[in-house]
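Here the structure is laid out as structure tokens; the discussion comes afterwards.
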Amino acid sequence: HALPGNIISPMQPQPGMETNSVIGPVVMTVTPETMENVKKCKNFLSTLIKLASSGKQSTETAANVKELVQNLLDGKIEPEDFTSRLYRELNSSPQPYLVPFLKRSLPALRQLTPDSAAFIQQSQHPQP
């Protein structure tokens with residue numbers, strides 16, 4: 001009796017199959033484009049924290065910016081709220097692309113950055 005060769009179990013991911021990262025109840029497919037957006041968003045938030053902590057801003061401003069970023073990552077405030085407060089805090093002019101960009105990037109960024117406090121620490125003190 002010859003054994004049937006190449007039995008593919010239904011659980012094996014096949015080439016070309018989407019792999020979903022499951023975190024909690026949300027199933028999300030992370031595409032390369034999403035990862036690119038997440039990277040840009042992380043860089044943006046990280047740069048914000050660096051700039052706010054650079055000494056050119058008051059310590060109060062630095063603390064407020066960090067709190068805004070943390071609230072955004074924790075899902076406590078939405079992109080619209082985040083950006084309007086940020087512009088007020090930094091006296092900067094609104095960037096029309098920022099809210100749509102954040103809306104695209106945030107769901108994945110929030111899943112991939114469960115520890116917002118650690119993210120803020122790293123942003124202030126870049127690793128060598």
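Following the order of the structure tokens, first chain is A, next is B, and so on, with residues numbered from 1 inside each chain and ligands from 1 in the order they appear.
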Would you mind listing what lies within 9 Å of segment 67-70 of chain A as a PyMOL selection string, with only C-alpha atoms counted and same-chain residues fewer than 4 positions away left out?
-> chain A and resi 45-46+48-49+62-63+74-77+82+85-86+116-117+119-120
Convert the current residue selection to file output with C-alpha atoms, as a tab-separated table (two decimals), in the first residue's frame.
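Listed below is the output, again.tsv:
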```
chain	number	residue	atom	x	y	z
A	45	LEU	CA	4.90	60.85	16.88
A	46	SER	CA	8.46	60.12	17.94
A	48	LEU	CA	6.93	65.29	17.96
A	49	ILE	CA	8.08	64.04	21.36
A	62	ALA	CA	6.70	68.83	26.50
A	63	ALA	CA	4.50	67.12	29.10
A	74	ASP	CA	-4.28	54.48	24.09
A	75	GLY	CA	-7.37	55.33	22.06
A	76	LYS	CA	-8.53	57.95	24.58
A	77	ILE	CA	-8.72	60.71	21.96
A	82	PHE	CA	-5.36	65.15	18.91
A	85	ARG	CA	-4.92	70.26	20.59
A	86	LEU	CA	-1.46	69.71	19.17
A	116	SER	CA	2.35	53.72	24.87
A	117	ALA	CA	4.43	54.75	27.89
A	119	PHE	CA	7.04	54.16	23.21
A	120	ILE	CA	7.25	57.66	24.71
```
12 Å contact set for Met35 of chain A, only C-alpha atoms, chain neighbours under 2 positions out, as a PyMOL selection string | chain A and resi 28-33+37-42+104-109+111-112
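Nearest residue to Glu78 of chain A among A:Lys56, A:Pro96, A:Leu102, A:Thr61 is A:Leu102, counting only C-alpha atoms.
Of the listed residues A:Phe44, A:Gln57, A:Ala118, A:Thr113, the one whose atoms come nearest to Asn91 of chain A is A:Gln57, with distances taken using only C-alpha atoms.
For the pair atom CA of Ser58 of chain A and atom CA of Asn43 of chain A, the separation is 21.9 Å.
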In Å and to one decimal, atom CA of Gln121 of chain A is distant from atom CA of Thr34 of chain A by 24.0 Å
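Among the candidates A:Glu89, A:Lys103, A:Gln95, A:Asp81, the residue lying nearest to Thr59 of chain A is A:Glu89 (atoms considered: only C-alpha atoms).
With atom CA of Pro114 of chain A on one side and atom CA of Ser53 of chain A on the other, the separation reads 22.4 Å.
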Alpha helix (DSSP H) residues, from DSSP on the backbone, in segment 21-127 of chain A, as a PyMOL selection string = chain A and resi 32-53+59-73+79-90+98-112+116-124
